[in-house]
Structure formats: structure tokens, C-alpha cells
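**Student:** Can you read through this structure? Questions will come right after.
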Amino acid sequence: MRQVKTLGLLGTGVIGGGWAARALHFGIDVIAADLKPEMEAWIRGAVANAEPALARLTSAPLPPKGKLSFTTDLNAMAAKVDFIQENIPEQLPLKQRVLAEVSRHAPADVVIASSTSGLMPSDLQKDMLAPERLIVGHPFNPVYLLPLVELVGGARTSPQAIEAAKRFYTYIGMHALKVRKEIPGHLTDRLQEALWREILHMVNDGVATTGELDESIIYGPGLRWAAMGTNQIYHLAGGEPGMRHMLHQFGPCLKWPWTKLEAPELTEQLIDRMVDGTAAQAAGRSIRELERLRDDYLVAIQQVLRQFDIGAGGTLKALETRLFNDAAAKAAARSAASDAPLRLVETAVRPEWIDYNGHMTDSRYFQVFGDAVDVLLRRLGIDEAYRAAGQSPYTAETHVSYLGEVGQNESIYVTTQVLDVDAKRFRLFHRLHRSRDDVVAATAEQMWLHVDTRAGKTVPMPGKVLAALAALAALHAGLPRPAEAGRGISMQRD
Ligand SMILES: NC(=O)c1ccc[n+]([C@@H]2O[C@H](COP(=O)([O-])OP(=O)(O)OC[C@H]3O[C@@H](n4cnc5c(N)ncnc54)[C@H](O)[C@@H]3O)[C@@H](O)[C@H]2O)c1
């Protein structure tokens with residue numbers, strides 16, 4: 001199966017537009033195909049609409065954005081792309097017909113994924129050529145912000161197609177959840193459907209308004225669900241004995257008329273599966289530990305989920321690690337044996353980085369220079385494992401000079417020169433350039449100390465790190481000494 005550089009979209013409505021925005025943002029070209037020519041303007045609008053939110057998702061270094069093109073010729077699209085995501089209306093005969101047709105124009109190593117909310121892949125692949133590359137890749141609206149995608153194979157789907165789809169979806173920042181068995185509605189829509197049916201009953205019976213029912217979710221369970229599913233939450237609800245006690249205590253309620261949906265018999269086998277499943281999810285953590293974790297994310301949900309490496313925050317963190325690693329590898333390849341300053345970060349000035357004068361605000365310069373150092377450290381082998389082992393470089397001093405202006409959405413990049421190195425310290429000099437004219441808009445000089453984080457004192461760097469830094473300093477020794485290096489702040493008087 002192919003490495004995906006170009007994504008083909010079949011159907012460019014709500015879901016097609018969401019796929020386009022996500023893929024383009026992470027550097028994938030997109031060829032969007034829809035029968036209606038007017039969908040071109042629609043999908044371009046949808047992508048533009050998604051951009052401000054996407055821009056805030058991560059400040060890790062991104063590859064250049066992908067390019068979007070549009071066609072009404074579905075077969076021409078199929079012949080040019082590395083992966084096809086189908087998003088046409090949820091009608092089985094229509095999907096079967098279009099997938100069969102497109103499969104005759106897409107090379108056999110191109111995965112064809114359907115966004116279907118509930119149709120079975122075995123039915124979809126029925127008339128296709130090379131049906132083994134058909135999978136269901138069911139996303140959630142808005143596709144550009146929600147990481148979940150359910151991956152379902154049909155009777156004839158190959159494991160290679162599933163793995164290739166998983167790789168691609170992960171690359172564009174998603175959480176690919178493999179569904180073991182194809183069933184109508186997959187997993188998530190079955191759960192959503194159960195809630196939905198009950199909502200309809202209650203509205204129909206005049207028990208509550210839709211607003212009251214939404215309140216019953218958004219002020220309570222909805223907050224918990226962002227990072228722990230119902231099973232893990234109920235495991236906590238059982239107190240120290242966890243799920244077993246929970247089932248014992250609340251099991252009888254399953255026979256009470258709390259819902260119009262019929263619950264399954266609570267057999268010994270089901271109890272064991274529930275207890276074992278939640279114990280595995282807890283992964284050795286006690287109820288107390290999980291409670292602390294749960295309370296923490298309830299206080300500072302969404303943005304903070306990333307710090308706990310849980311739920312969608314874990315997906316974002318993994319994405320950022322990949323983006324920083326890619327940037328480090330790119331920088332290493334570009335500057336291997338070159339004596340030019342290292343070009344470590346390329347990014348664009350996000351709307352929320354702008355101050356009241358319309359320019360990038362002070363603290364964002366620190367952030368961008370920090371991102372450059374992050375890439376440099378990864379290149380030196382200083383990563384999470386290194387820090388977890390108890391050592392890390394700390395900034396001792398930073399001196400920023402603001403020389404030019406950068407405005408909203410402007411492309412910028414940072415170059416870094418290693419000025420000096422000794423056993424415990426290194427001194428860096430960064431320049432922040434505007435991409436359009438290479439003008440240096442700011443410089444930063446930094447002193448870094450290598451610290452034993454547990455002892456809280458400076459210690460010599462390991463030989464390998466020191467040697468890599470010294471090699472860079474030697475390469476950069478021939479460069480002109482930056483005029484701003486070593487400068488203090490003064491006010492000249494006449
Ligand atoms: N909307 C959601 O929340 C959601 C979520 C997950 C999955 N899905 C699934 O995604 C798919 C698309 O849903 P949507 O909400 O984007 O629908 P939509 O109606 O917004 O878009 C469908 C698009 O397909 C185009 N189309 C119709 N027939 C076509 C054909 N033969 N060839 C090419 N294009 C054709 C239409 O012009 C339209 O632009 C469905 O299978 C749906 O179940 C929807």
C-alpha cells in the first residue's frame with residue numbers, strides 16, 4: 001500500500017469538507033471530486049472556515065500546507081491519488097455503484113475508505129475491483145477537530161489495507177479505533193443511537209425538553225466522557241472494589257424501567273468481561289489514582305487533556321511528537337555537514353499571536369524560539385526518555401531583540417547558530433526570519449545549562465550530546481559573530 005501524498009475525496013459535503021481541511025493542514029494534497037460543480041466553492045469555503053480553529057490546535061512545526069484541487073470527474077481523481085475517502089450520501093445501492101466504478105480507475109494499491117455512518121464494509125465491497133483495499137473509516141463531525149475514526153474491515157478486506165489506513169489517519173492526527181467485527185452502526189453510533197432513542201422517547205412523552213436533556217449531559221457526564229469512557233467512569237463509581245461492586249450495587253436497576261431499551265442478561269460471563277475489561281483499562285492504577293486523574297481533567301478540560309496524555313489530548317501529543325521529530329529529521333538532512341545556521345522551525349503567525357498593534361506579540365517570539373530549541377534538542381537525542389531519566393537543559397538567560405515586524409498569517413522560519421559549548425553549558429543564537437523576504441525580524445541569544453533535574457544542579461552533558469553540540473559549534477565557528485550577541489540594553493545619552 002502506498003505512502004499517502006495525495007488524498008482523493010469522493011463527495012465533498014459536510015464530511016468531505018472536514019477531511020479536506022484536516023488533510024491539507026497536515027501537508028497532504030487533496031483532489032476533491034463531487035458531481036456538482038458548485039461544491040468547489042463550498043469546499044473551499046469549508047476549508048477556510050476550519051482554518052482558524054485548526055491553527056490553534058497545535059503550535060508544533062507543521063509541513064507546508066497541502067494544495068486543494070477540485071474536479072467533477074470522479075474517475076480522473078481516482079487515477080491520480082494515493083488514498084480515496086468516500087463521503088457520498090448514506091444509501092447502499094448508490095455507494096456500491098460509485099465504489100465499484102471508481103475501483104476500476106484507482107490502482108489496486110490505493111486504499112478506498114468509506115465514511116459511512118453504519119453500512120457494512122462487506123456490502124460496500126461487493127462489486128469492487130480489488131475489494132481487499134476497501135475499509136470503513138468512519139469519522140466524526142467536525143472531522144478536522146475530532147480525532148476519532150472507526151476502522152472496520154469487511155469479509156474480503158486485507159490486514160494490509162487496515163494497517164495502511166491506520167498509518168495514514170494517525171499521520172493526520174487521528175485516533176484510529178479498530179472495530180473487531182463489522183456490525184451495523186459500528187461502535188460509536190450504536191452508543192449514540194441508544195442515547196438518541198431515549199431522548200426521543202422522553203421528548204415524545206413530554207418528560208423533558210431537548211434543552212433540558214442536553215443540560216443533563218453538558219453539565220455532567222459530558223465533561224467526564226472527554227477523557228474516560230462510561231466503563232472506566234463506572235469502575236470508579238464502584239469505589240475501591242471497582243466494577244464488580246458497581247455491578248453488584250446497580251445491577252438490579254438494569255431490571256427497573258430506567259430506559260426503554262432492553263438490557264442484556266447480567267450473566268457471570270458478562271460480569272467477568274466487564275470486570276476484566278475495566279481492570280485492563282485501569283492498567284494497574286488504583287481507584288484513588290484514577291479519581292485524581294479524573295478530577296484533574298474535569299477542572300481543566302480540553303487544552304489540558306494533552307498534559308495528561310489521555311483521550312484526545314494523547315492523540316494531540318503523539319501528533320506533536322511526530323511533527324517535532326519530522327522537523328528535526330528535516331533540519332538534520334538539510335544541514336548535514338553544512339556550516340550554515342540550522343533552519344529548525346518553519347511556521348506561520350497564527351491569528352491569536354497578534355497584539356493590539358497588529359504584530360506578533362512578545363511572548364510568541366519566545367515560543368517560536370523555544371520550538372526551535374525543541375527541534376535542536378531532539379536532534380541531539382534529548383527527548384522524553386532522556387528527561388524521564390533525570391537530566392534536561394534549562395534556560396538560564398534569554399535576550400530577544402525585536403528588529404522588524406511580522407503580521408498575521410505571515411510565514412516565518414528560525415535559524416540557529418551554536419556560539420559556544422562547554423561541559424555543562426551551551427550558548428545559542430537564533431534569528432527569526434520573514435519567509436517572503438528573508439528579513440531578520442528578531443534575534444534571541446540564549447544560555448542553556450545542563451541540569452540533573454532531581455538534584456536541581458548543573459551536571460556535565462553525556463559524551464554523545466556534548467560531542468554533537470561541539471561538532472555543530474565547530475561547523476558554525478567560521479560564521480560571522482552576530483552583532484547582537486553579548487549585547488546589553490543601554491540608553492545612549494548625548
Ligand atoms: N454528517 C455527519 O455528521 C456524518 C458523520 C460521519 C459520517 N457521515 C457519513 O459521511 C457520508 C457523507 O455525509 P455528509 O453529511 O457529508 O453528506 P452531504 O449530503 O453533506 O454530502 C454528500 C455529497 O456527496 C455528493 N454526491 C452525491 N452523489 C454523488 C456521486 N454519485 N458522486 C460524487 N458525489 C456525490 C453530493 O453532491 C454532496 O456534496 C455519509 O455516508 C454519512 O453517513 C456523516
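The way I read the labels, and the way they are meant: chains A, B, ... in the order of the C-alpha cells, residue 1 as the first residue of every chain, and ligand 1 as the first ligand shown, with later ones counted on from there.
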Contacts of Leu9 of chain A at 10 Å or less, counting only C-alpha atoms, minus same-chain residues fewer than 3 places along, as a list in words?
**Tutor:**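 Skipping anything fewer than 3 positions along the chain leaves Thr6, Thr12, Ile15, Gly16, Gly17, Trp19, Ala20, Val30, Ile31, Ala32, Ala33, Asp34, Phe70, Thr71, Leu74, Met77, Ala78, Val81, Phe83, Ile84, Gln85, Glu86, Asn87, Ile88, Ile112 and Ala113 of chain A.
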**Student:** Grab me every residue within 9 Å of ligand 1, counting only C-alpha atoms and all ligand atoms, and send it over as a PyMOL selection string.
**Tutor:** chain A and resi 9-18+33-39+42-43+72-74+86-91+94-95+97-98+114-119+137-143
**Student:** So that I can check the surroundings of Arg454 of chain A, please list as number ranges by chain every protein, DNA and RNA residue that reaches within 12 Å of it, counting only C-alpha atoms and ignoring chain neighbours fewer than 6 positions away.
**Tutor:** A: 387-392
**Student:** With all heavy atoms retained, could you export that selection as a PDB file, in the first residue's frame?
**Tutor:**
ATOM      1  N   ARG A 387      14.687  13.020  29.395  1.00  0.00           N
ATOM      2  CA  ARG A 387      14.213  13.834  30.528  1.00  0.00           C
ATOM      3  C   ARG A 387      13.693  12.935  31.647  1.00  0.00           C
ATOM      4  O   ARG A 387      13.928  13.198  32.824  1.00  0.00           O
ATOM      5  CB  ARG A 387      13.115  14.799  30.067  1.00  0.00           C
ATOM      6  CG  ARG A 387      13.678  15.981  29.287  1.00  0.00           C
ATOM      7  CD  ARG A 387      12.597  17.010  29.010  1.00  0.00           C
ATOM      8  NE  ARG A 387      11.640  16.537  28.027  1.00  0.00           N
ATOM      9  CZ  ARG A 387      11.777  16.675  26.714  1.00  0.00           C
ATOM     10  NH1 ARG A 387      12.842  17.279  26.230  1.00  0.00           N
ATOM     11  NH2 ARG A 387      10.868  16.222  25.884  1.00  0.00           N
ATOM     12  N   ALA A 388      13.013  11.852  31.253  1.00  0.00           N
ATOM     13  CA  ALA A 388      12.472  10.945  32.274  1.00  0.00           C
ATOM     14  C   ALA A 388      13.618  10.317  33.074  1.00  0.00           C
ATOM     15  O   ALA A 388      13.468   9.988  34.247  1.00  0.00           O
ATOM     16  CB  ALA A 388      11.634   9.863  31.612  1.00  0.00           C
ATOM     17  N   ALA A 389      14.784  10.176  32.449  1.00  0.00           N
ATOM     18  CA  ALA A 389      15.946   9.590  33.143  1.00  0.00           C
ATOM     19  C   ALA A 389      16.606  10.599  34.090  1.00  0.00           C
ATOM     20  O   ALA A 389      17.571  10.273  34.766  1.00  0.00           O
ATOM     21  CB  ALA A 389      16.951   9.073  32.122  1.00  0.00           C
ATOM     22  N   GLY A 390      16.105  11.847  34.091  1.00  0.00           N
ATOM     23  CA  GLY A 390      16.532  12.773  35.146  1.00  0.00           C
ATOM     24  C   GLY A 390      17.471  13.890  34.727  1.00  0.00           C
ATOM     25  O   GLY A 390      18.031  14.570  35.592  1.00  0.00           O
ATOM     26  N   GLN A 391      17.649  14.097  33.416  1.00  0.00           N
ATOM     27  CA  GLN A 391      18.501  15.223  33.012  1.00  0.00           C
ATOM     28  C   GLN A 391      17.802  16.026  31.930  1.00  0.00           C
ATOM     29  O   GLN A 391      17.048  15.481  31.120  1.00  0.00           O
ATOM     30  CB  GLN A 391      19.844  14.718  32.481  1.00  0.00           C
ATOM     31  CG  GLN A 391      20.652  14.005  33.553  1.00  0.00           C
ATOM     32  CD  GLN A 391      22.094  13.757  33.145  1.00  0.00           C
ATOM     33  OE1 GLN A 391      22.434  13.808  31.968  1.00  0.00           O
ATOM     34  NE2 GLN A 391      22.940  13.497  34.116  1.00  0.00           N
ATOM     35  N   SER A 392      18.064  17.332  31.921  1.00  0.00           N
ATOM     36  CA  SER A 392      17.429  18.183  30.916  1.00  0.00           C
ATOM     37  C   SER A 392      18.153  19.523  30.859  1.00  0.00           C
ATOM     38  O   SER A 392      18.636  20.007  31.878  1.00  0.00           O
ATOM     39  CB  SER A 392      15.961  18.423  31.300  1.00  0.00           C
ATOM     40  OG  SER A 392      15.318  19.146  30.303  1.00  0.00           O
TER      41      SER A 392
END
**Student:** Using only C-alpha atoms, find the one residue out of A:Tyr394, A:Phe429, A:Tyr402, A:Tyr386 that sits nearest to His359 of chain A.
**Tutor:**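 Of all the options, A:Tyr402 lies closest to His359 of chain A.
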**Student:** For the structure I just gave you, how does DSSP split segment 232-438 of chain A - specifically, which residues are helix (DSSP H, G or I)? Reply as a PyMOL selection string.
**Tutor:** chain A and resi 232-237+243-255+268-282+287-299+302-308+311-335+351-353+362-379+384-388
**Student:** Need to verify the contact set: segment 442-449 of chain A, 7 Å, only C-alpha atoms, exclusion of same-chain residues closer than 4 positions in sequence. Can you return it as a list in words?
**Tutor:** Pro393, Tyr394, Thr395, Ala396, Glu397, Thr398, His399, Val400, Ser401, Tyr402, Leu403, Gly404, Lys424, Arg425, Phe426, Arg427, Leu428, Phe429, His430, Arg431, Leu432, Thr458 and Ala485 of chain A
**Student:** Could you give me, as a VMD selection string, the residues within 12 Å of Pro184 of chain A, counting only C-alpha atoms and dropping anything in the same chain fewer than 6 positions from it?
**Tutor:** chain A and resid 116 to 123 136 152 154 190 to 191 193
**Student:** May I have the residues from that selection written out with N, CA and C atoms, as an mmCIF file, in the first residue's frame?
**Tutor:**
data_model
loop_
_atom_site.group_PDB
_atom_site.id
_atom_site.type_symbol
_atom_site.label_atom_id
_atom_site.label_comp_id
_atom_site.auth_asym_id
_atom_site.auth_seq_id
_atom_site.Cartn_x
_atom_site.Cartn_y
_atom_site.Cartn_z
ATOM 1 N N THR A 116 -18.986 5.919 5.733
ATOM 2 C CA THR A 116 -20.342 5.501 6.113
ATOM 3 C C THR A 116 -20.563 5.450 7.629
ATOM 4 N N SER A 117 -21.705 5.968 8.041
ATOM 5 C CA SER A 117 -22.011 6.000 9.473
ATOM 6 C C SER A 117 -22.427 4.633 9.996
ATOM 7 N N GLY A 118 -22.920 3.756 9.082
ATOM 8 C CA GLY A 118 -23.399 2.497 9.644
ATOM 9 C C GLY A 118 -23.489 1.332 8.678
ATOM 10 N N LEU A 119 -23.137 1.552 7.404
ATOM 11 C CA LEU A 119 -23.221 0.442 6.441
ATOM 12 C C LEU A 119 -22.037 -0.501 6.647
ATOM 13 N N MET A 120 -22.233 -1.754 6.231
ATOM 14 C CA MET A 120 -21.203 -2.771 6.484
ATOM 15 C C MET A 120 -20.228 -2.854 5.310
ATOM 16 N N PRO A 121 -18.932 -2.911 5.614
ATOM 17 C CA PRO A 121 -17.933 -2.949 4.543
ATOM 18 C C PRO A 121 -18.112 -4.144 3.597
ATOM 19 N N SER A 122 -18.566 -5.301 4.107
ATOM 20 C CA SER A 122 -18.752 -6.461 3.216
ATOM 21 C C SER A 122 -19.773 -6.145 2.131
ATOM 22 N N ASP A 123 -20.780 -5.338 2.470
ATOM 23 C CA ASP A 123 -21.774 -4.947 1.469
ATOM 24 C C ASP A 123 -21.189 -3.932 0.486
ATOM 25 N N VAL A 136 -13.981 0.617 5.996
ATOM 26 C CA VAL A 136 -14.765 1.734 6.513
ATOM 27 C C VAL A 136 -13.830 2.552 7.388
ATOM 28 N N VAL A 152 -13.053 -0.270 10.089
ATOM 29 C CA VAL A 152 -13.752 -1.556 10.019
ATOM 30 C C VAL A 152 -13.437 -2.250 8.700
ATOM 31 N N GLY A 154 -14.164 -5.511 5.970
ATOM 32 C CA GLY A 154 -15.218 -6.431 5.568
ATOM 33 C C GLY A 154 -14.644 -7.830 5.377
ATOM 34 N N ARG A 190 -23.727 3.183 17.540
ATOM 35 C CA ARG A 190 -24.663 2.354 18.318
ATOM 36 C C ARG A 190 -24.868 2.972 19.700
ATOM 37 N N LEU A 191 -23.747 3.434 20.305
ATOM 38 C CA LEU A 191 -23.861 4.059 21.628
ATOM 39 C C LEU A 191 -24.649 5.362 21.535
ATOM 40 N N GLU A 193 -26.763 6.100 19.347
ATOM 41 C CA GLU A 193 -28.135 5.771 18.966
ATOM 42 C C GLU A 193 -28.968 5.395 20.202
#
**Student:** Find the spatial neighbours of Met461 of chain A, counting only C-alpha atoms, within a cut-off of 7 Å - ignore same-chain residues fewer than 2 positions away - and output them as an mmCIF file with N, CA, C and O atoms, in the first residue's frame.
**Tutor:**
data_model
loop_
_atom_site.group_PDB
_atom_site.id
_atom_site.type_symbol
_atom_site.label_atom_id
_atom_site.label_comp_id
_atom_site.auth_asym_id
_atom_site.auth_seq_id
_atom_site.Cartn_x
_atom_site.Cartn_y
_atom_site.Cartn_z
ATOM 1 N N ALA A 423 31.293 21.796 29.038
ATOM 2 C CA ALA A 423 30.738 20.530 29.531
ATOM 3 C C ALA A 423 29.312 20.671 30.041
ATOM 4 O O ALA A 423 28.499 19.762 29.894
ATOM 5 N N LYS A 424 29.002 21.833 30.660
ATOM 6 C CA LYS A 424 27.689 21.975 31.302
ATOM 7 C C LYS A 424 26.814 23.041 30.657
ATOM 8 O O LYS A 424 25.680 23.248 31.111
ATOM 9 N N HIS A 450 22.976 22.486 31.549
ATOM 10 C CA HIS A 450 22.581 21.077 31.575
ATOM 11 C C HIS A 450 22.393 20.651 33.036
ATOM 12 O O HIS A 450 23.327 20.722 33.839
ATOM 13 N N VAL A 459 25.043 19.624 35.752
ATOM 14 C CA VAL A 459 25.934 18.451 35.643
ATOM 15 C C VAL A 459 26.479 18.395 34.214
ATOM 16 O O VAL A 459 25.862 18.953 33.297
ATOM 17 N N GLY A 463 28.648 12.273 27.024
ATOM 18 C CA GLY A 463 29.641 12.459 25.952
ATOM 19 C C GLY A 463 29.020 12.638 24.573
ATOM 20 O O GLY A 463 29.451 13.502 23.800
ATOM 21 N N VAL A 465 26.039 13.752 23.628
ATOM 22 C CA VAL A 465 25.351 15.035 23.443
ATOM 23 C C VAL A 465 26.389 16.143 23.295
ATOM 24 O O VAL A 465 26.307 16.997 22.405
ATOM 25 N N LEU A 466 27.391 16.112 24.187
ATOM 26 C CA LEU A 466 28.433 17.138 24.148
ATOM 27 C C LEU A 466 29.164 17.108 22.799
ATOM 28 O O LEU A 466 29.411 18.147 22.183
#
**Student:** Record the distance separating atom CA of Val179 of chain A and atom CA of Leu247 of chain A, expressed in Å with one decimal.
**Tutor:**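 Separating atom CA of Val179 of chain A from atom CA of Leu247 of chain A is a distance of 25.5 Å.
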**Student:** Work out how far atom CA of Ala312 of chain A is from atom CA of His175 of chain A, in Å to one decimal.
**Tutor:**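 Those two atoms sit 7.8 Å apart.
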**Student:** Go through segment 122-259 of chain A and collect every residue that DSSP, computed from the backbone, puts in strand (DSSP E); the answer should be as a PyMOL selection string.
**Tutor:** chain A and resi 134-138+148-153+175-178
**Student:** Env of Val111 of chain A: 10 Å cut, atoms = only C-alpha atoms, seq-sep filter 4 positions within chain, self excluded. Answer as a PyMOL selection string.
**Tutor:** chain A and resi 1-2+4+81-85+103+106-107+130-135+160-162+164-165
**Student:** May I have the residues from that selection written out with N, CA and C atoms, as a PDB file, in the first residue's frame?
**Tutor:**
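Result went into out.pdb, see below:
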ATOM      1  N   MET A   1       0.836  -1.190   0.000  1.00  0.00           N
ATOM      2  CA  MET A   1       0.000   0.000   0.000  1.00  0.00           C
ATOM      3  C   MET A   1       0.883   1.256   0.000  1.00  0.00           C
ATOM      4  N   ARG A   2       0.334   2.315  -0.542  1.00  0.00           N
ATOM      5  CA  ARG A   2       1.164   3.496  -0.790  1.00  0.00           C
ATOM      6  C   ARG A   2       1.332   4.418   0.419  1.00  0.00           C
ATOM      7  N   VAL A   4       0.855   8.047   1.578  1.00  0.00           N
ATOM      8  CA  VAL A   4      -0.162   8.972   1.068  1.00  0.00           C
ATOM      9  C   VAL A   4       0.384  10.392   0.966  1.00  0.00           C
ATOM     10  N   VAL A  81      -4.649   9.639  -7.235  1.00  0.00           N
ATOM     11  CA  VAL A  81      -4.451   9.819  -5.793  1.00  0.00           C
ATOM     12  C   VAL A  81      -3.886   8.547  -5.134  1.00  0.00           C
ATOM     13  N   ASP A  82      -3.446   8.701  -3.865  1.00  0.00           N
ATOM     14  CA  ASP A  82      -2.841   7.579  -3.139  1.00  0.00           C
ATOM     15  C   ASP A  82      -3.809   6.933  -2.152  1.00  0.00           C
ATOM     16  N   PHE A  83      -4.919   7.596  -1.887  1.00  0.00           N
ATOM     17  CA  PHE A  83      -5.889   7.102  -0.884  1.00  0.00           C
ATOM     18  C   PHE A  83      -7.204   7.798  -1.209  1.00  0.00           C
ATOM     19  N   ILE A  84      -8.296   7.046  -1.208  1.00  0.00           N
ATOM     20  CA  ILE A  84      -9.605   7.647  -1.524  1.00  0.00           C
ATOM     21  C   ILE A  84     -10.507   7.556  -0.302  1.00  0.00           C
ATOM     22  N   GLN A  85     -11.123   8.673   0.045  1.00  0.00           N
ATOM     23  CA  GLN A  85     -12.096   8.679   1.134  1.00  0.00           C
ATOM     24  C   GLN A  85     -13.449   9.034   0.536  1.00  0.00           C
ATOM     25  N   SER A 103     -13.354   1.953  -8.340  1.00  0.00           N
ATOM     26  CA  SER A 103     -12.331   0.923  -8.124  1.00  0.00           C
ATOM     27  C   SER A 103     -11.713   0.466  -9.441  1.00  0.00           C
ATOM     28  N   ALA A 106      -8.847   3.320  -9.940  1.00  0.00           N
ATOM     29  CA  ALA A 106      -7.797   3.530  -8.936  1.00  0.00           C
ATOM     30  C   ALA A 106      -6.891   2.307  -8.916  1.00  0.00           C
ATOM     31  N   PRO A 107      -5.570   2.501  -9.000  1.00  0.00           N
ATOM     32  CA  PRO A 107      -4.658   1.347  -8.920  1.00  0.00           C
ATOM     33  C   PRO A 107      -4.961   0.496  -7.676  1.00  0.00           C
ATOM     34  N   ALA A 130     -10.555  -5.330  -6.905  1.00  0.00           N
ATOM     35  CA  ALA A 130      -9.627  -5.341  -5.760  1.00  0.00           C
ATOM     36  C   ALA A 130     -10.349  -4.926  -4.466  1.00  0.00           C
ATOM     37  N   PRO A 131     -11.359  -5.709  -4.078  1.00  0.00           N
ATOM     38  CA  PRO A 131     -12.168  -5.326  -2.899  1.00  0.00           C
ATOM     39  C   PRO A 131     -11.388  -5.388  -1.594  1.00  0.00           C
ATOM     40  N   GLU A 132     -10.201  -6.040  -1.635  1.00  0.00           N
ATOM     41  CA  GLU A 132      -9.427  -6.185  -0.388  1.00  0.00           C
ATOM     42  C   GLU A 132      -8.923  -4.839   0.139  1.00  0.00           C
ATOM     43  N   ARG A 133      -8.969  -3.761  -0.701  1.00  0.00           N
ATOM     44  CA  ARG A 133      -8.482  -2.453  -0.205  1.00  0.00           C
ATOM     45  C   ARG A 133      -9.631  -1.570   0.280  1.00  0.00           C
ATOM     46  N   LEU A 134     -10.833  -2.140   0.400  1.00  0.00           N
ATOM     47  CA  LEU A 134     -11.968  -1.354   0.902  1.00  0.00           C
ATOM     48  C   LEU A 134     -12.042  -1.472   2.418  1.00  0.00           C
ATOM     49  N   ILE A 135     -12.098  -0.342   3.063  1.00  0.00           N
ATOM     50  CA  ILE A 135     -12.337  -0.339   4.520  1.00  0.00           C
ATOM     51  C   ILE A 135     -13.394   0.711   4.823  1.00  0.00           C
ATOM     52  N   GLN A 160      -3.454  -5.620   5.394  1.00  0.00           N
ATOM     53  CA  GLN A 160      -2.555  -4.549   4.905  1.00  0.00           C
ATOM     54  C   GLN A 160      -3.321  -3.251   4.677  1.00  0.00           C
ATOM     55  N   ALA A 161      -4.540  -3.375   4.159  1.00  0.00           N
ATOM     56  CA  ALA A 161      -5.336  -2.164   3.903  1.00  0.00           C
ATOM     57  C   ALA A 161      -5.684  -1.488   5.225  1.00  0.00           C
ATOM     58  N   ILE A 162      -6.015  -2.295   6.224  1.00  0.00           N
ATOM     59  CA  ILE A 162      -6.363  -1.730   7.543  1.00  0.00           C
ATOM     60  C   ILE A 162      -5.144  -1.024   8.129  1.00  0.00           C
ATOM     61  N   ALA A 164      -2.524   0.197   6.542  1.00  0.00           N
ATOM     62  CA  ALA A 164      -2.178   1.391   5.752  1.00  0.00           C
ATOM     63  C   ALA A 164      -3.117   2.541   6.115  1.00  0.00           C
ATOM     64  N   ALA A 165      -4.393   2.232   6.301  1.00  0.00           N
ATOM     65  CA  ALA A 165      -5.354   3.280   6.663  1.00  0.00           C
ATOM     66  C   ALA A 165      -5.020   3.820   8.052  1.00  0.00           C
TER      67      ALA A 165
END
**Student:** Pick out the closest residue to Asp362 of chain A from this set: A:Glu405, A:Val375, A:Glu320, A:Gln492. Count only C-alpha atoms.
**Tutor:**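 The closest residue to Asp362 of chain A is A:Glu405.
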**Student:** Which of these residues is nearest to Leu261 of chain A, using only C-alpha atoms: A:Tyr219, A:Trp196, A:Tyr356, A:Trp225?
**Tutor:**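 Looking only at the distances to Leu261 of chain A, the closest residue turns out to be A:Trp196.
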